[in-house]
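Participant: Take a look at model.txt, compact mmCIF, C-alpha atoms:
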```
# COMPACT_ATOMS: atom_id res chain seq x y z
CA MET A 1 31.61 -15.53 -29.73
CA ASN A 2 29.34 -18.29 -28.43
CA GLU A 3 25.94 -19.18 -29.82
CA GLN A 4 24.02 -17.03 -27.37
CA ASP A 5 26.12 -13.96 -28.03
CA LYS A 6 25.57 -14.43 -31.74
CA ALA A 7 21.84 -14.69 -31.15
CA ALA A 8 21.90 -11.56 -29.02
CA ALA A 9 23.90 -9.63 -31.60
CA GLN A 10 21.50 -10.80 -34.26
CA THR A 11 18.47 -9.67 -32.29
CA GLN A 12 20.12 -6.34 -31.74
CA ALA A 13 20.84 -5.93 -35.43
CA LEU A 14 17.45 -7.11 -36.59
CA ALA A 15 15.26 -5.42 -34.08
CA THR A 16 14.62 -2.27 -36.08
CA PRO A 17 10.97 -1.83 -37.09
CA GLY A 18 9.96 -3.83 -40.12
CA THR A 19 12.91 -6.22 -40.06
CA ALA A 20 12.10 -8.03 -36.80
CA PRO A 21 12.53 -11.81 -36.93
CA ALA A 22 9.40 -13.99 -36.86
CA ASN A 23 9.98 -14.77 -33.19
CA GLY A 24 9.93 -11.05 -32.40
CA ARG A 25 6.59 -10.72 -34.16
CA HIS A 26 5.05 -13.44 -31.98
CA LYS A 27 6.44 -11.70 -28.92
CA ARG A 28 4.91 -8.40 -30.00
CA ASP A 29 1.56 -10.08 -30.77
CA LEU A 30 1.52 -11.59 -27.31
CA GLU A 31 2.48 -8.25 -25.73
CA ALA A 32 -0.29 -6.42 -27.60
CA SER A 33 -2.89 -9.05 -26.64
CA LEU A 34 -1.88 -9.02 -22.97
CA ALA A 35 -2.01 -5.21 -22.92
CA THR A 36 -5.50 -5.19 -24.46
CA LEU A 37 -6.68 -7.84 -22.01
CA LEU A 38 -5.38 -5.91 -18.99
CA THR A 39 -6.88 -2.63 -20.20
CA ALA A 40 -10.26 -4.21 -21.00
CA GLY A 41 -10.43 -6.07 -17.66
CA THR A 42 -9.54 -2.97 -15.66
CA ALA A 43 -11.97 -0.78 -17.61
CA LEU A 44 -14.83 -3.27 -17.23
CA ALA A 45 -14.19 -3.67 -13.49
CA ALA A 46 -13.96 0.11 -13.04
CA ALA A 47 -17.27 0.63 -14.87
CA VAL A 48 -19.03 -1.96 -12.69
CA LEU A 49 -17.46 -0.45 -9.53
CA PHE A 50 -18.66 2.98 -10.59
CA LEU A 51 -22.23 1.79 -11.27
CA GLY A 52 -22.32 -0.08 -7.97
CA LEU A 53 -20.99 2.90 -6.05
CA ALA A 54 -23.57 5.21 -7.68
CA GLY A 55 -26.37 2.78 -6.80
CA TYR A 56 -25.05 2.42 -3.26
CA LEU A 57 -24.93 6.18 -2.73
CA ARG A 58 -28.44 6.56 -4.15
CA ASN A 59 -30.00 4.18 -1.63
CA ASP A 60 -27.67 4.11 1.37
CA SER A 61 -26.06 7.55 1.46
CA ALA A 62 -27.62 8.42 4.83
CA ARG A 63 -26.59 5.16 6.48
CA THR A 64 -23.99 5.48 9.25
CA LEU A 65 -20.82 3.53 8.51
CA ASP A 66 -18.49 2.25 11.19
CA PHE A 67 -15.63 -0.03 10.24
CA ARG A 68 -13.68 0.26 13.50
CA THR A 69 -14.26 -3.37 14.37
CA PHE A 70 -13.96 -6.22 11.94
CA ASN A 71 -17.10 -8.17 11.05
CA PRO A 72 -16.67 -10.35 7.97
CA THR A 73 -18.70 -8.91 5.10
CA GLU A 74 -21.51 -11.03 3.71
CA HIS A 75 -20.21 -10.63 0.15
CA SER A 76 -17.43 -13.12 0.43
CA SER A 77 -17.28 -15.73 -2.30
CA VAL A 78 -16.77 -15.54 -6.02
CA PHE A 79 -19.98 -17.50 -6.72
CA SER A 80 -22.22 -15.64 -4.30
CA VAL A 81 -20.91 -12.33 -5.67
CA PHE A 82 -22.36 -13.09 -9.11
CA ARG A 83 -25.66 -14.15 -7.50
CA ASP A 84 -25.80 -11.06 -5.24
CA ALA A 85 -25.06 -8.71 -8.12
CA MET A 86 -28.21 -10.01 -9.84
CA LYS A 87 -30.25 -8.41 -7.05
CA LEU A 88 -29.01 -5.09 -8.49
CA GLU A 89 -28.14 -3.61 -5.12
CA GLY A 90 -25.22 -1.22 -4.80
CA ALA A 91 -23.05 -3.30 -2.48
CA GLY A 92 -23.53 -6.47 -4.52
CA ILE A 93 -22.61 -4.71 -7.77
CA MET A 94 -19.56 -3.07 -6.16
CA GLN A 95 -18.35 -6.48 -5.00
CA LEU A 96 -18.86 -7.85 -8.52
CA GLY A 97 -16.55 -5.05 -9.69
CA VAL A 98 -14.01 -6.10 -7.05
CA VAL A 99 -14.18 -9.72 -8.22
CA LEU A 100 -13.79 -8.67 -11.88
CA LEU A 101 -10.72 -6.70 -10.83
CA ILE A 102 -9.23 -9.74 -9.05
CA LEU A 103 -10.04 -11.92 -12.06
CA THR A 104 -8.20 -9.58 -14.48
CA PRO A 105 -4.65 -10.74 -13.63
CA VAL A 106 -5.95 -14.32 -13.31
CA THR A 107 -7.31 -14.10 -16.86
CA ARG A 108 -3.97 -12.66 -17.95
CA VAL A 109 -2.21 -15.77 -16.58
CA LEU A 110 -4.76 -18.04 -18.28
CA PHE A 111 -4.19 -16.23 -21.57
CA THR A 112 -0.40 -16.58 -21.19
CA LEU A 113 -0.94 -20.30 -20.62
CA LEU A 114 -2.87 -20.55 -23.91
CA ALA A 115 -0.07 -18.68 -25.70
CA PHE A 116 2.57 -21.11 -24.34
CA LEU A 117 0.35 -24.08 -25.27
CA TYR A 118 0.00 -22.71 -28.80
CA LYS A 119 3.79 -22.38 -29.07
CA ARG A 120 4.20 -25.88 -27.53
CA ASP A 121 6.56 -24.34 -24.99
CA TRP A 122 6.02 -27.14 -22.48
CA MET A 123 8.42 -25.87 -19.83
CA TYR A 124 6.49 -22.60 -19.56
CA VAL A 125 3.16 -24.41 -19.82
CA VAL A 126 4.14 -26.18 -16.59
CA VAL A 127 5.34 -22.94 -14.96
CA THR A 128 2.11 -21.13 -15.89
CA VAL A 129 -0.10 -24.02 -14.72
CA ILE A 130 1.58 -23.82 -11.29
CA VAL A 131 0.90 -20.07 -11.04
CA LEU A 132 -2.70 -20.55 -12.15
CA SER A 133 -3.28 -23.39 -9.65
CA VAL A 134 -2.07 -21.26 -6.75
CA LEU A 135 -4.35 -18.40 -7.87
CA VAL A 136 -7.35 -20.73 -8.12
CA PHE A 137 -6.53 -22.08 -4.65
CA GLY A 138 -6.49 -18.51 -3.34
CA LEU A 139 -9.85 -17.70 -4.90
CA PHE A 140 -11.73 -20.92 -4.11
CA GLY A 141 -9.61 -22.63 -1.43
CA ASN A 142 -11.93 -21.58 1.38
CA ALA A 143 -9.08 -20.49 3.64
CA GLN A 144 -11.25 -19.21 6.49
CA LEU A 145 -10.18 -16.95 9.32
CA GLU A 146 -9.85 -18.77 12.66
CA MET B 1 -19.88 9.27 9.44
CA THR B 2 -22.65 8.86 6.87
CA ALA B 3 -22.01 6.65 3.86
CA LEU B 4 -22.03 9.68 1.54
CA THR B 5 -19.33 11.58 3.47
CA PHE B 6 -17.28 8.43 3.99
CA VAL B 7 -17.32 7.44 0.32
CA LEU B 8 -16.63 10.93 -1.05
CA LEU B 9 -13.76 11.62 1.38
CA LEU B 10 -12.29 8.17 0.74
CA LEU B 11 -12.59 8.65 -3.03
CA SER B 12 -10.70 11.97 -2.93
CA ALA B 13 -8.02 10.67 -0.57
CA SER B 14 -7.50 7.61 -2.78
CA ILE B 15 -7.13 9.77 -5.89
CA GLY B 16 -4.31 11.55 -4.05
CA ALA B 17 -2.76 8.24 -2.98
CA GLY B 18 -2.88 6.85 -6.54
CA PHE B 19 -1.45 10.07 -7.95
CA LEU B 20 1.48 10.13 -5.49
CA GLY B 21 2.01 6.40 -5.95
CA ALA B 22 2.33 6.76 -9.72
CA LEU B 23 4.63 9.79 -9.52
CA THR B 24 7.02 8.23 -7.03
CA GLY B 25 6.84 4.78 -8.62
CA LEU B 26 5.93 3.19 -5.29
CA GLY B 27 2.30 2.39 -6.01
CA GLY B 28 -0.62 3.36 -3.80
CA GLY B 29 -0.48 0.54 -1.23
CA VAL B 30 1.96 2.10 1.22
CA VAL B 31 -0.23 5.21 1.47
CA ILE B 32 -3.67 3.59 1.38
CA VAL B 33 -3.35 1.35 4.45
CA PRO B 34 -2.23 4.15 6.86
CA LEU B 35 -4.81 6.46 5.29
CA LEU B 36 -7.61 4.00 6.07
CA VAL B 37 -6.36 3.04 9.52
CA LEU B 38 -5.15 6.42 10.82
CA LEU B 39 -7.55 8.89 9.15
CA PHE B 40 -10.70 6.87 8.50
CA GLY B 41 -10.58 4.67 11.61
CA VAL B 42 -10.95 1.50 9.57
CA ASP B 43 -9.91 -1.85 11.08
CA LEU B 44 -6.54 -3.03 9.72
CA ARG B 45 -8.11 -6.21 8.33
CA TYR B 46 -10.47 -4.23 6.09
CA ALA B 47 -7.68 -1.81 5.19
CA VAL B 48 -5.38 -4.58 3.95
CA GLY B 49 -8.21 -6.14 1.90
CA ALA B 50 -9.19 -2.85 0.25
CA SER B 51 -5.59 -1.85 -0.39
CA LEU B 52 -4.84 -5.12 -2.22
CA VAL B 53 -7.83 -4.53 -4.52
CA ALA B 54 -6.55 -1.01 -5.28
CA VAL B 55 -3.06 -2.41 -5.92
CA ILE B 56 -4.52 -4.79 -8.54
CA ALA B 57 -6.34 -1.90 -10.23
CA THR B 58 -3.34 0.44 -10.47
CA SER B 59 -0.84 -2.24 -11.47
CA SER B 60 -3.09 -3.74 -14.18
CA GLY B 61 -3.68 -0.27 -15.63
CA ALA B 62 0.02 0.58 -15.73
CA ALA B 63 1.21 -2.91 -16.74
CA ALA B 64 -0.85 -2.72 -19.94
CA ALA B 65 1.14 0.28 -21.19
CA TYR B 66 4.55 -1.16 -20.27
CA VAL B 67 3.84 -4.56 -21.83
CA ARG B 68 2.78 -2.88 -25.07
CA GLU B 69 6.01 -0.86 -25.18
CA GLY B 70 8.07 -4.06 -24.95
CA TYR B 71 9.91 -3.39 -21.67
CA THR B 72 8.36 -6.20 -19.64
CA ASN B 73 10.20 -9.54 -19.59
CA ILE B 74 7.16 -11.83 -19.65
CA ARG B 75 9.14 -15.06 -19.09
CA VAL B 76 10.96 -13.66 -16.06
CA GLY B 77 7.60 -12.38 -14.78
CA ILE B 78 5.79 -15.71 -15.13
CA LEU B 79 8.67 -17.71 -13.68
CA LEU B 80 9.03 -15.48 -10.62
CA GLU B 81 5.26 -15.36 -10.16
CA VAL B 82 5.51 -18.99 -9.01
CA ALA B 83 7.41 -17.62 -6.00
CA THR B 84 5.34 -14.45 -5.43
CA VAL B 85 1.90 -16.13 -5.50
CA THR B 86 3.09 -18.95 -3.24
CA GLY B 87 4.52 -16.36 -0.86
CA ALA B 88 1.24 -14.44 -1.03
CA ILE B 89 -0.84 -17.44 0.01
CA VAL B 90 1.60 -18.21 2.86
CA GLY B 91 1.45 -14.54 3.90
CA ALA B 92 -2.36 -14.54 3.90
CA ILE B 93 -2.36 -17.68 6.07
CA ILE B 94 0.16 -16.14 8.50
CA ALA B 95 -1.98 -12.96 8.63
CA ALA B 96 -4.81 -15.01 10.11
CA MET B 97 -2.56 -16.40 12.84
CA VAL B 98 -0.78 -13.29 14.10
CA SER B 99 -2.13 -10.23 15.90
CA LYS B 100 -2.98 -6.96 14.17
CA ASN B 101 -0.12 -5.33 16.07
CA ALA B 102 2.39 -7.77 14.57
CA ILE B 103 1.09 -6.91 11.09
CA ALA B 104 1.28 -3.20 11.91
CA ILE B 105 4.93 -3.54 12.96
CA VAL B 106 5.81 -5.28 9.69
CA PHE B 107 3.98 -2.45 7.94
CA VAL B 108 6.02 0.20 9.73
CA PHE B 109 9.17 -1.56 8.51
CA ALA B 110 7.78 -1.51 4.95
CA LEU B 111 7.00 2.21 5.29
CA PHE B 112 10.52 3.11 6.40
CA TRP B 113 12.05 1.04 3.61
CA SER B 114 9.75 2.86 1.13
CA ALA B 115 10.88 6.24 2.44
CA TYR B 116 14.52 5.23 2.14
CA ALA B 117 14.05 3.91 -1.41
CA THR B 118 12.25 7.10 -2.43
CA LEU B 119 15.06 9.34 -1.24
CA ARG B 120 17.97 7.20 -2.36
CA PRO B 121 17.29 5.65 -5.77
CA PRO B 122 20.09 3.11 -6.40
CA ALA B 123 22.92 3.95 -8.78
CA PRO B 124 22.69 1.96 -12.02
CA LEU B 125 24.82 -1.19 -12.14
CA PRO B 126 26.87 -2.05 -15.23
CA PRO B 127 25.28 -4.90 -17.22
CA ASP B 128 26.65 -8.35 -16.46
CA ALA B 129 27.38 -10.18 -19.72
CA GLU B 130 28.40 -13.51 -18.16
CA PRO B 131 26.06 -16.31 -19.27
CA ASP B 132 24.04 -18.05 -16.55
CA ALA B 133 23.04 -21.73 -16.75
CA ILE B 134 19.55 -21.48 -15.20
CA SER B 135 18.77 -18.36 -17.14
CA LYS B 136 19.77 -20.16 -20.32
CA LYS B 137 17.60 -23.18 -19.48
CA PHE B 138 14.54 -20.98 -18.96
CA ARG B 139 15.49 -18.69 -21.90
CA LEU B 140 15.26 -15.56 -19.73
CA ASP B 141 17.84 -13.41 -21.56
CA SER B 142 16.07 -10.85 -23.72
CA THR B 143 16.20 -7.42 -25.32
CA TYR B 144 14.56 -4.11 -24.44
CA PRO B 145 14.01 -0.82 -26.24
CA THR B 146 16.35 2.12 -25.56
CA LYS B 147 17.07 5.37 -27.39
CA GLU B 148 19.87 3.55 -29.24
CA GLY B 149 17.54 0.73 -30.36
CA MET B 150 17.01 -2.74 -28.92
CA VAL B 151 19.65 -3.74 -26.36
CA ALA B 152 20.28 -7.33 -25.26
CA TYR B 153 20.73 -8.22 -21.58
CA ARG B 154 21.35 -11.34 -19.53
CA VAL B 155 19.59 -12.53 -16.40
CA HIS B 156 21.46 -13.88 -13.35
CA HIS B 157 20.95 -15.46 -9.91
CA VAL B 158 17.48 -16.84 -10.58
CA PRO B 159 17.22 -18.92 -7.35
CA LEU B 160 18.20 -15.95 -5.16
CA GLY B 161 15.72 -13.79 -7.06
CA GLY B 162 13.02 -16.40 -6.51
CA LEU B 163 13.70 -16.50 -2.78
CA LEU B 164 13.39 -12.71 -2.54
CA MET B 165 10.20 -12.88 -4.61
CA PHE B 166 8.70 -15.36 -2.15
CA GLY B 167 9.39 -12.79 0.56
CA ALA B 168 7.89 -10.03 -1.59
CA GLY B 169 4.71 -12.09 -2.00
CA MET B 170 4.50 -12.70 1.76
CA LEU B 171 4.96 -9.01 2.56
CA SER B 172 2.39 -8.01 -0.06
CA ALA B 173 -0.25 -10.31 1.43
CA LEU B 174 0.53 -9.52 5.08
CA VAL B 175 0.30 -5.74 4.86
CA GLY B 176 -1.63 -5.10 1.64
CA VAL B 177 1.03 -3.45 -0.52
CA GLY B 178 2.34 -4.34 -3.97
CA SER B 179 5.89 -4.72 -2.57
CA GLY B 180 7.30 -3.34 -5.80
CA ILE B 181 10.38 -2.18 -3.88
CA VAL B 182 11.33 -5.75 -2.97
CA LYS B 183 10.58 -6.98 -6.49
CA VAL B 184 12.65 -4.25 -8.14
CA PHE B 185 15.46 -4.83 -5.63
CA ALA B 186 15.51 -8.54 -6.53
CA MET B 187 15.52 -8.01 -10.28
CA ASP B 188 17.67 -4.90 -10.58
CA ARG B 189 20.25 -5.58 -7.85
CA MET B 190 20.37 -9.39 -7.66
CA MET B 191 19.30 -10.68 -11.07
CA ARG B 192 20.92 -7.74 -12.89
CA LEU B 193 18.05 -6.89 -15.22
CA PRO B 194 18.09 -3.34 -16.62
CA PHE B 195 16.31 -0.94 -14.25
CA LYS B 196 13.47 -0.14 -16.66
CA VAL B 197 12.89 -3.86 -17.27
CA SER B 198 12.92 -4.47 -13.49
CA THR B 199 10.31 -1.82 -12.70
CA THR B 200 7.98 -2.78 -15.55
CA THR B 201 8.27 -6.53 -14.90
CA SER B 202 7.65 -5.83 -11.20
CA ASN B 203 4.49 -3.95 -12.14
CA PHE B 204 3.45 -6.86 -14.36
CA MET B 205 3.80 -9.26 -11.41
CA ILE B 206 2.18 -7.09 -8.74
CA GLY B 207 -1.38 -7.61 -9.99
CA VAL B 208 -1.04 -11.40 -10.03
CA THR B 209 0.63 -11.44 -6.60
CA ALA B 210 -2.10 -9.27 -5.07
CA ALA B 211 -4.84 -11.31 -6.78
CA ALA B 212 -3.64 -14.46 -4.97
CA SER B 213 -4.01 -12.95 -1.49
CA ALA B 214 -7.04 -10.80 -2.39
CA GLY B 215 -8.87 -14.06 -3.21
CA VAL B 216 -8.11 -15.41 0.26
CA TYR B 217 -9.16 -12.13 1.93
CA LEU B 218 -12.34 -12.01 -0.15
CA GLN B 219 -13.36 -15.39 1.22
CA ARG B 220 -12.57 -14.27 4.76
CA GLY B 221 -14.90 -11.30 4.37
CA GLN B 222 -12.03 -8.80 4.66
CA VAL B 223 -12.93 -7.12 1.37
CA GLU B 224 -15.75 -4.74 2.29
CA PRO B 225 -17.29 -3.30 -0.92
CA ALA B 226 -18.12 0.10 0.61
CA ILE B 227 -14.39 0.56 1.36
CA ALA B 228 -12.79 -1.32 -1.53
CA ALA B 229 -14.85 0.27 -4.33
CA PRO B 230 -14.06 3.95 -3.63
CA VAL B 231 -10.43 3.12 -2.79
CA ALA B 232 -9.87 1.12 -6.00
CA LEU B 233 -11.68 3.64 -8.23
CA GLY B 234 -9.91 6.61 -6.67
CA ALA B 235 -6.45 5.03 -6.75
CA LEU B 236 -6.94 3.95 -10.38
CA ALA B 237 -8.05 7.44 -11.46
CA GLY B 238 -5.19 9.07 -9.52
CA SER B 239 -2.57 6.72 -10.98
CA LEU B 240 -3.78 7.30 -14.55
CA VAL B 241 -3.53 11.08 -14.07
CA GLY B 242 -0.14 10.61 -12.39
CA ALA B 243 1.18 8.58 -15.32
CA ARG B 244 0.05 11.35 -17.70
CA VAL B 245 1.80 14.20 -15.91
CA LEU B 246 4.89 12.20 -14.90
CA PRO B 247 6.97 12.99 -18.02
CA ARG B 248 6.24 16.71 -17.65
CA ILE B 249 7.06 17.46 -14.02
CA LYS B 250 10.06 17.26 -11.71
CA THR B 251 9.49 14.63 -9.07
CA LYS B 252 12.44 15.43 -6.82
CA SER B 253 10.64 17.69 -4.34
CA LEU B 254 7.62 15.42 -4.55
CA ARG B 255 9.78 12.53 -3.41
CA TYR B 256 10.65 14.44 -0.23
CA VAL B 257 6.98 15.15 0.45
CA PHE B 258 6.16 11.49 -0.11
CA ALA B 259 9.00 10.28 2.12
CA ALA B 260 7.99 12.71 4.89
CA LEU B 261 4.38 11.50 4.67
CA VAL B 262 5.43 7.87 4.77
CA VAL B 263 7.76 8.38 7.75
CA PHE B 264 5.04 10.29 9.59
CA ALA B 265 2.56 7.48 8.92
CA GLY B 266 5.12 4.96 10.18
CA ILE B 267 5.75 6.85 13.42
CA GLU B 268 2.02 7.38 14.02
CA MET B 269 1.30 3.71 13.39
CA MET B 270 4.09 2.69 15.79
CA ARG B 271 2.71 5.07 18.42
CA ARG B 272 -0.75 3.47 18.16
CA VAL B 273 0.74 0.00 18.54
CA LEU B 274 2.70 1.06 21.64
CA GLN B 275 -0.35 2.78 23.15
CA GLY B 276 -2.32 -0.40 23.52
CA GLY B 277 -2.65 -1.53 19.98
CA LEU B 278 -4.74 -1.08 16.88
```
Would you put the structure from the file into structure tokens?

Facilitator:
Amino acid sequence: MNEQDKAAAQTQALATPGTAPANGRHKRDLEASLATLLTAGTALAAAVLFLGLAGYLRNDSARTLDFRTFNPTEHSSVFSVFRDAMKLEGAGIMQLGVVLLILTPVTRVLFTLLAFLYKRDWMYVVVTVIVLSVLVFGLFGNAQLE
Amino acid sequence: MTALTFVLLLLSASIGAGFLGALTGLGGGVVIVPLLVLLFGVDLRYAVGASLVAVIATSSGAAAAYVREGYTNIRVGILLEVATVTGAIVGAIIAAMVSKNAIAIVFVFALFWSAYATLRPPAPLPPDAEPDAISKKFRLDSTYPTKEGMVAYRVHHVPLGGLLMFGAGMLSALVGVGSGIVKVFAMDRMMRLPFKVSTTTSNFMIGVTAAASAGVYLQRGQVEPAIAAPVALGALAGSLVGARVLPRIKTKSLRYVFAALVVFAGIEMMRRVLQGGL
């Protein structure tokens, strides 16, 4: 039996509730935190979306909508979304909800990065920084159409 | 259509899409895009943007539960996310360079693959106990809960998995789906993770993958709030209800309904492309 098999057998034997090794406890702490973060982010975004949609329907319900041809929407950057939402108009608040939704997995990655930093797990710190950089590029990289 | 009718109809349709997506395990994306394009007459560019936002909502909601239960392999997820987010950005860039018809054809392919996967769930593979050098370096081997307690498993073929994940990210960004099928295929079939670990880790990664391309589409003005908000809210509500009733109902006949719907959407989309385009 090599070292890894022994470790696996040990985990299997120890992984009954109450007798989990310290490493398993950290794993479970991280899992619980990530779950809470994802739930809270989704719930917050959904609440903002709901408020925005209610406000939109209150003021613009009679407006005729036609999305057959594509015209870039005016609500189109993370910064301007926060500014527009301050005007307390339905569309602006809805788009804030959309941005909060997009930021939820991004925050999850950021939180994972902090957890790896705390554990001084440098290899995964590097991996997580790469993922985060690509996400930030996607959000702020100004990759315009045409 | 007035805004009121549009929003209410879209909200109800998205609840249905989220519900079906949760029950069949395929997510809402494959249903939402054809729904928007074929029934609501929405331009494909808006449809893809709105669908990605809905995909983030449903996957984040579901991922929370799976992570808490200890199925998700967080290290595998993070490592493969390097490939999926990179693929997503590349896909979003390609989407700006190709015609809508080209995107629609890729979508039809994704629809048919979804239908096939719904009807023919793969037979479980025996676990592969051989150690793997890369997996050892990145400490990917882990344990997961089963009825008989925690069971250890090993992870294999990481580079091949990463390559497939890059493709999954590209597909997700191009056509606005979570591409869970490709992710599960890579982890379950190629990397030999247990099926339950594959599906939950896929779910964990879907939100991050979609967030990468949704950011690009947001900046391009492809995320229209009046479409994205009702779609995301509806799909989220539908998927939460779906997850609740899932343990209590038989999904077999539902899978046929879903597959028929998806095939119909694929044929209709193809017909539109051939008749002069979207």

Participant: Please find the residues of chain B near chain A - the criterion being any atom within 7 Å, counting only C-alpha atoms - and write them as an MDAnalysis selection string.

Facilitator: chainID B and resid 1:4 41:43 45 53 56:57 60:61 64:65 67:68 78:79 81:82 85:86 89 96 150:152 207:208 211:213 215:216 218:222 224:226 229 233

Participant: Save the residues we just selected, C-alpha atoms, as a PDB file, in the coordinates of the input?

Facilitator:
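Ended up saving to selection_34.pdb:
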```pdb
ATOM      1  CA  MET B   1     -19.880   9.270   9.440  1.00  0.00           C
ATOM      2  CA  THR B   2     -22.650   8.860   6.870  1.00  0.00           C
ATOM      3  CA  ALA B   3     -22.010   6.650   3.860  1.00  0.00           C
ATOM      4  CA  LEU B   4     -22.030   9.680   1.540  1.00  0.00           C
ATOM      5  CA  GLY B  41     -10.580   4.670  11.610  1.00  0.00           C
ATOM      6  CA  VAL B  42     -10.950   1.500   9.570  1.00  0.00           C
ATOM      7  CA  ASP B  43      -9.910  -1.850  11.080  1.00  0.00           C
ATOM      8  CA  ARG B  45      -8.110  -6.210   8.330  1.00  0.00           C
ATOM      9  CA  VAL B  53      -7.830  -4.530  -4.520  1.00  0.00           C
ATOM     10  CA  ILE B  56      -4.520  -4.790  -8.540  1.00  0.00           C
ATOM     11  CA  ALA B  57      -6.340  -1.900 -10.230  1.00  0.00           C
ATOM     12  CA  SER B  60      -3.090  -3.740 -14.180  1.00  0.00           C
ATOM     13  CA  GLY B  61      -3.680  -0.270 -15.630  1.00  0.00           C
ATOM     14  CA  ALA B  64      -0.850  -2.720 -19.940  1.00  0.00           C
ATOM     15  CA  ALA B  65       1.140   0.280 -21.190  1.00  0.00           C
ATOM     16  CA  VAL B  67       3.840  -4.560 -21.830  1.00  0.00           C
ATOM     17  CA  ARG B  68       2.780  -2.880 -25.070  1.00  0.00           C
ATOM     18  CA  ILE B  78       5.790 -15.710 -15.130  1.00  0.00           C
ATOM     19  CA  LEU B  79       8.670 -17.710 -13.680  1.00  0.00           C
ATOM     20  CA  GLU B  81       5.260 -15.360 -10.160  1.00  0.00           C
ATOM     21  CA  VAL B  82       5.510 -18.990  -9.010  1.00  0.00           C
ATOM     22  CA  VAL B  85       1.900 -16.130  -5.500  1.00  0.00           C
ATOM     23  CA  THR B  86       3.090 -18.950  -3.240  1.00  0.00           C
ATOM     24  CA  ILE B  89      -0.840 -17.440   0.010  1.00  0.00           C
ATOM     25  CA  ALA B  96      -4.810 -15.010  10.110  1.00  0.00           C
ATOM     26  CA  MET B 150      17.010  -2.740 -28.920  1.00  0.00           C
ATOM     27  CA  VAL B 151      19.650  -3.740 -26.360  1.00  0.00           C
ATOM     28  CA  ALA B 152      20.280  -7.330 -25.260  1.00  0.00           C
ATOM     29  CA  GLY B 207      -1.380  -7.610  -9.990  1.00  0.00           C
ATOM     30  CA  VAL B 208      -1.040 -11.400 -10.030  1.00  0.00           C
ATOM     31  CA  ALA B 211      -4.840 -11.310  -6.780  1.00  0.00           C
ATOM     32  CA  ALA B 212      -3.640 -14.460  -4.970  1.00  0.00           C
ATOM     33  CA  SER B 213      -4.010 -12.950  -1.490  1.00  0.00           C
ATOM     34  CA  GLY B 215      -8.870 -14.060  -3.210  1.00  0.00           C
ATOM     35  CA  VAL B 216      -8.110 -15.410   0.260  1.00  0.00           C
ATOM     36  CA  LEU B 218     -12.340 -12.010  -0.150  1.00  0.00           C
ATOM     37  CA  GLN B 219     -13.360 -15.390   1.220  1.00  0.00           C
ATOM     38  CA  ARG B 220     -12.570 -14.270   4.760  1.00  0.00           C
ATOM     39  CA  GLY B 221     -14.900 -11.300   4.370  1.00  0.00           C
ATOM     40  CA  GLN B 222     -12.030  -8.800   4.660  1.00  0.00           C
ATOM     41  CA  GLU B 224     -15.750  -4.740   2.290  1.00  0.00           C
ATOM     42  CA  PRO B 225     -17.290  -3.300  -0.920  1.00  0.00           C
ATOM     43  CA  ALA B 226     -18.120   0.100   0.610  1.00  0.00           C
ATOM     44  CA  ALA B 229     -14.850   0.270  -4.330  1.00  0.00           C
ATOM     45  CA  LEU B 233     -11.680   3.640  -8.230  1.00  0.00           C
TER      46      LEU B 233
END
```

Participant: Calculate how many Å separate atom CA of B:Ile15 from atom CA of B:Ser51, rounding to one decimal.

Facilitator: 12.9 Å

Participant: Taking all atoms listed in the file into account, which of B:Ser172, B:Gly266, B:Phe112, B:Pro194 comes nearest B:Pro127?

Facilitator: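 Nearest candidate to B:Pro127 out of B:Ser172, B:Gly266, B:Phe112, B:Pro194: B:Pro194.
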
Participant: In Å, rounded to a single decimal, give me how far atom CA of B:Asp128 is from atom CA of B:Met191.

Facilitator: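 Computing it gives 9.4 Å between the two atoms.
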